[in-house]
Every structure is written in C-alpha cells, then in structure tokens.
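What follows is upload06.tsv (TSV, C-alpha atoms).
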```tsv
chain	number	residue	atom	x	y	z
P	1	MET	CA	111.31	148.22	113.18
P	2	ASP	CA	110.82	148.66	116.90
P	3	ARG	CA	111.71	145.60	119.03
P	4	THR	CA	108.50	145.97	121.04
P	5	GLN	CA	106.45	145.19	117.91
P	6	GLN	CA	108.54	142.18	116.84
P	7	GLY	CA	107.28	139.93	119.65
P	8	PRO	CA	103.54	140.26	118.90
P	9	ARG	CA	104.15	139.95	115.13
P	10	LEU	CA	106.26	136.82	115.59
P	11	LEU	CA	103.56	135.35	117.80
P	12	LEU	CA	100.93	136.18	115.16
P	13	VAL	CA	103.00	134.48	112.42
P	14	ILE	CA	103.47	131.36	114.57
P	15	MET	CA	99.73	131.20	115.36
P	16	GLY	CA	98.88	131.57	111.66
P	17	ALA	CA	101.28	128.75	110.75
P	18	LEU	CA	99.77	126.46	113.41
P	19	VAL	CA	96.23	127.15	112.23
P	20	ALA	CA	97.23	126.45	108.61
P	21	LEU	CA	99.02	123.24	109.60
P	22	THR	CA	96.05	122.02	111.65
P	23	TYR	CA	93.66	122.74	108.76
P	24	GLN	CA	95.92	120.91	106.28
P	25	THR	CA	96.23	117.87	108.59
P	26	ARG	CA	92.44	117.50	108.81
P	27	ARG	CA	91.99	117.80	105.03
P	28	LYS	CA	93.96	114.60	104.29
P	29	THR	CA	95.55	115.98	101.17
P	30	PHE	CA	96.51	113.24	98.75
P	31	ILE	CA	100.20	113.17	98.01
P	32	SER	CA	99.58	110.73	95.18
P	33	VAL	CA	96.94	108.40	93.78
P	34	HIS	CA	97.82	105.90	91.10
P	35	GLU	CA	96.95	102.44	89.85
P	36	VAL	CA	99.42	99.70	90.74
P	37	PRO	CA	99.91	96.23	89.23
P	38	VAL	CA	98.59	93.16	91.01
P	39	SER	CA	102.10	91.69	90.83
P	40	ASP	CA	103.47	94.39	93.15
P	41	PRO	CA	104.80	92.57	96.28
P	42	VAL	CA	102.89	94.83	98.71
P	43	VAL	CA	99.66	94.28	96.73
P	44	VAL	CA	100.20	90.49	96.86
P	45	THR	CA	100.56	90.49	100.66
P	46	THR	CA	97.63	92.90	101.02
P	47	LEU	CA	95.40	90.63	98.92
P	48	ASP	CA	96.41	87.68	101.10
P	49	PHE	CA	95.51	89.67	104.23
P	50	VAL	CA	92.17	90.77	102.73
P	51	THR	CA	91.23	87.18	101.85
P	52	LYS	CA	92.09	85.85	105.31
P	53	ASP	CA	90.34	88.73	107.05
P	54	PHE	CA	87.22	88.34	104.90
P	55	ASN	CA	87.03	84.59	105.56
P	56	LYS	CA	87.60	85.06	109.29
P	57	LYS	CA	84.75	87.59	109.58
P	58	SER	CA	82.38	85.89	107.13
P	59	GLU	CA	79.45	83.90	108.48
P	60	ASP	CA	79.53	81.59	105.44
P	61	MET	CA	80.36	77.93	106.16
P	62	TYR	CA	82.95	77.91	103.36
P	63	ASN	CA	86.04	79.95	102.58
P	64	PHE	CA	86.16	82.36	99.66
P	65	ARG	CA	89.06	82.88	97.28
P	66	ILE	CA	89.91	85.69	94.87
P	67	VAL	CA	88.96	84.94	91.27
P	68	ARG	CA	90.01	88.20	89.67
P	69	VAL	CA	91.42	91.53	90.77
P	70	LEU	CA	89.73	94.29	88.79
P	71	LYS	CA	91.65	97.34	90.01
P	72	VAL	CA	94.13	98.40	92.69
P	73	LEU	CA	94.70	102.06	93.53
P	74	LYS	CA	97.45	103.19	95.88
P	75	ARG	CA	96.69	106.39	97.80
P	76	LEU	CA	99.25	108.22	99.87
P	77	THR	CA	98.03	110.68	102.49
P	78	ASP	CA	99.24	110.55	106.07
P	79	HIS	CA	99.32	106.76	105.51
P	80	MET	CA	99.48	104.29	102.61
P	81	GLU	CA	96.10	103.01	101.49
P	82	TYR	CA	95.18	100.43	98.86
P	83	ARG	CA	91.71	100.59	97.32
P	84	ILE	CA	90.93	97.21	95.79
P	85	ASN	CA	88.09	96.03	93.55
P	86	LEU	CA	87.92	92.27	93.10
P	87	GLU	CA	85.75	89.21	92.54
P	88	MET	CA	85.66	86.30	94.98
P	89	ARG	CA	84.03	82.89	94.82
P	90	ARG	CA	83.04	80.34	97.42
P	91	THR	CA	85.35	77.32	97.63
P	92	ILE	CA	84.71	73.72	98.64
P	93	CYS	CA	86.84	74.20	101.78
P	94	PRO	CA	85.01	74.57	105.07
P	95	LYS	CA	86.10	77.39	107.41
P	96	MET	CA	88.78	75.40	109.24
P	97	GLU	CA	90.68	74.42	106.09
P	98	VAL	CA	93.03	76.92	104.48
P	99	ASN	CA	94.32	74.87	101.55
P	100	ASN	CA	94.21	76.11	97.97
P	101	CYS	CA	90.70	74.79	97.35
P	102	SER	CA	88.76	74.60	94.13
P	103	PHE	CA	85.59	76.61	93.62
P	104	GLN	CA	82.05	75.48	94.40
P	105	GLU	CA	79.85	74.59	91.45
P	106	GLY	CA	76.15	73.88	91.15
P	107	GLU	CA	73.82	74.70	94.02
P	108	LEU	CA	76.53	76.10	96.32
P	109	TYR	CA	78.09	78.35	93.64
P	110	LYS	CA	78.45	81.91	94.87
P	111	LYS	CA	80.37	84.85	93.39
P	112	ILE	CA	80.71	88.21	95.11
P	113	ASP	CA	82.07	91.57	93.96
P	114	CYS	CA	84.04	93.37	96.67
P	115	PHE	CA	85.65	96.70	97.37
P	116	PHE	CA	88.26	96.96	100.13
P	117	SER	CA	90.10	99.98	101.45
P	118	VAL	CA	93.15	98.83	103.42
P	119	SER	CA	95.67	100.86	105.40
P	120	VAL	CA	99.10	99.30	104.96
P	121	ILE	CA	102.44	99.71	106.71
P	122	PRO	CA	104.41	97.14	104.69
P	123	TRP	CA	107.71	97.42	106.57
P	124	PHE	CA	105.91	96.40	109.79
P	125	GLU	CA	103.51	94.01	108.00
P	126	LYS	CA	100.54	95.88	109.50
P	127	TYR	CA	97.21	95.92	107.70
P	128	LYS	CA	93.84	97.36	108.67
P	129	VAL	CA	90.63	97.20	106.68
P	130	LEU	CA	89.21	100.74	106.64
P	131	ALA	CA	86.16	99.93	104.48
P	132	GLN	CA	84.63	96.86	102.92
P	133	ASN	CA	81.64	96.42	100.68
P	134	CYS	CA	80.70	93.10	99.06
P	135	THR	CA	77.64	92.34	96.96
P	136	ASP	CA	76.41	89.21	95.22
P	137	GLY	CA	77.80	89.13	91.70
```

As structure tokens, what does this structure read like?
Amino acid sequence: MDRTQQGPRLLLVIMGALVALTYQTRRKTFISVHEVPVSDPVVVTTLDFVTKDFNKKSEDMYNFRIVRVLKVLKRLTDHMEYRINLEMRRTICPKMEVNNCSFQEGELYKKIDCFFSVSVIPWFEKYKVLAQNCTDG
C-alpha cells in the first residue's frame, strides 16, 4: 500500500473509533443488573443514607423509619446505582431526634411506599439520590 494513503485511512479509523466511543458513552450500557441481599454492607449503609436524606428533606413533623425492604437492584454502568423499593412508617420521634423510635399508631399512623435510585461510591462513602418517588401506602 502506498504511504500517502495510509495517513488518511488511519485518520478515518481513529475518527470512526471516537464516534463509536462517544455513542457508547451516551447510551449508558449496563455492565450488570442483579438483585442483591439487604444484608450486603453497601446496601445497609445506602439504606441508612436514604433514611436520613428522606427525613432531612421531608416536611413532616416526625421522622420516618424503614419497615420493610421489598427489593434492591444493583446496576453497574459508568457508576454503581442501587434501585430500592421499600416501605416506611412515621415514628413518634420529632425531626430533631434521631433515636431508634417506635412507630406511630392511631390518628398519626402513616405508611408510605418508596422507590429510590441512589448513585453510590462506597469506597469514598459518597451517595447521591438520583430519583425518589414515595406514595401513601
């Protein structure tokens, strides 16, 4: 092959590779998606973060606590993401208290079903809620 044609062909191959890489980056291809147990240490710390974050942002006078975790999916893309379905209930503790409080009964009883999507970097203990949706249960 003539050396004068190698330069433009090499440039064309490099441009094609860059276009393909850019397209793949935007697609967010899942490396893996699988269900993980609630006992997993990263899930435990993520659930703690989600509870604290929810209570901090909530306009309710009382804290909420997790009653039951329904499902936890771990998704790996360009980051680690946990998709969590759970049930929470209102406690007897006002906002300022963070003790392990019992649940409200009677008139102040409230149960909510929530979905959280959380980006997690466990080795840096960094968490970010990407999506949250809670409805009365």

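For the residues P:Val118, P:Val38, P:Leu86, P:Ala131, ranking by smallest atom-to-atom distance to Ile66 (chain P) using all atoms listed in the file places P:Leu86 first.
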
- Message: My list of candidates is P:Arg83, P:Arg89, P:Gln132, P:Met15. Which is closest to Val36 (chain P) when distances are computed with only C-alpha atoms?
- Response: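 Under the stated criterion, the closest residue is P:Arg83.
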
- Query: Near Asn55 (chain P), within 9 Å and counting all atoms listed in the file, which residues show up once chain neighbours fewer than 4 positions away are dropped, as a ChimeraX atom specification?
  - Reply: /P:50-51,59-60,62-65,95

- Mind listing as a VMD selection string all residues within 10 Å of (103.1, 107.8, 95.7), counting all atoms listed in the file? chain P and resid 30 to 34 74 to 77 80

- So, counting all atoms listed in the file, which residue among P:Met88, P:Val72, P:Cys101, P:Leu47 is closest to Asp136 (chain P)? P:Met88

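Candidate residues P:Ser102, P:Asp78, P:Phe116, P:Met96 were compared for distance to Lys56 (chain P), and the nearest is P:Met96, using all atoms listed in the file.
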
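You can rank P:Val129, P:Ile14, P:Glu107, P:Glu35 by their closest distance to Lys52 (chain P) using all atoms listed in the file, and at the top of that list sits P:Val129.
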
- Query: Could you state the separation of CA of Gly137 (chain P) and CA of Lys111 (chain P) in Å, given to one decimal place?
  - Reply: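 Pair CA of Gly137 (chain P) / CA of Lys111 (chain P) returns 5.3 Å.
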
- Query: In Å, how far is it from CA of Ile112 (chain P) to CA of His79 (chain P)?
  - Reply: 28.3 Å

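Separating CA of Ile121 (chain P) from CA of Arg68 (chain P) is a distance of 24.0 Å.
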
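With all atoms listed in the file as the atoms that count, the residue of P:Asn99, P:Thr135, P:Thr46, P:Ser119 with the shortest distance to Glu87 (chain P) is P:Thr135.
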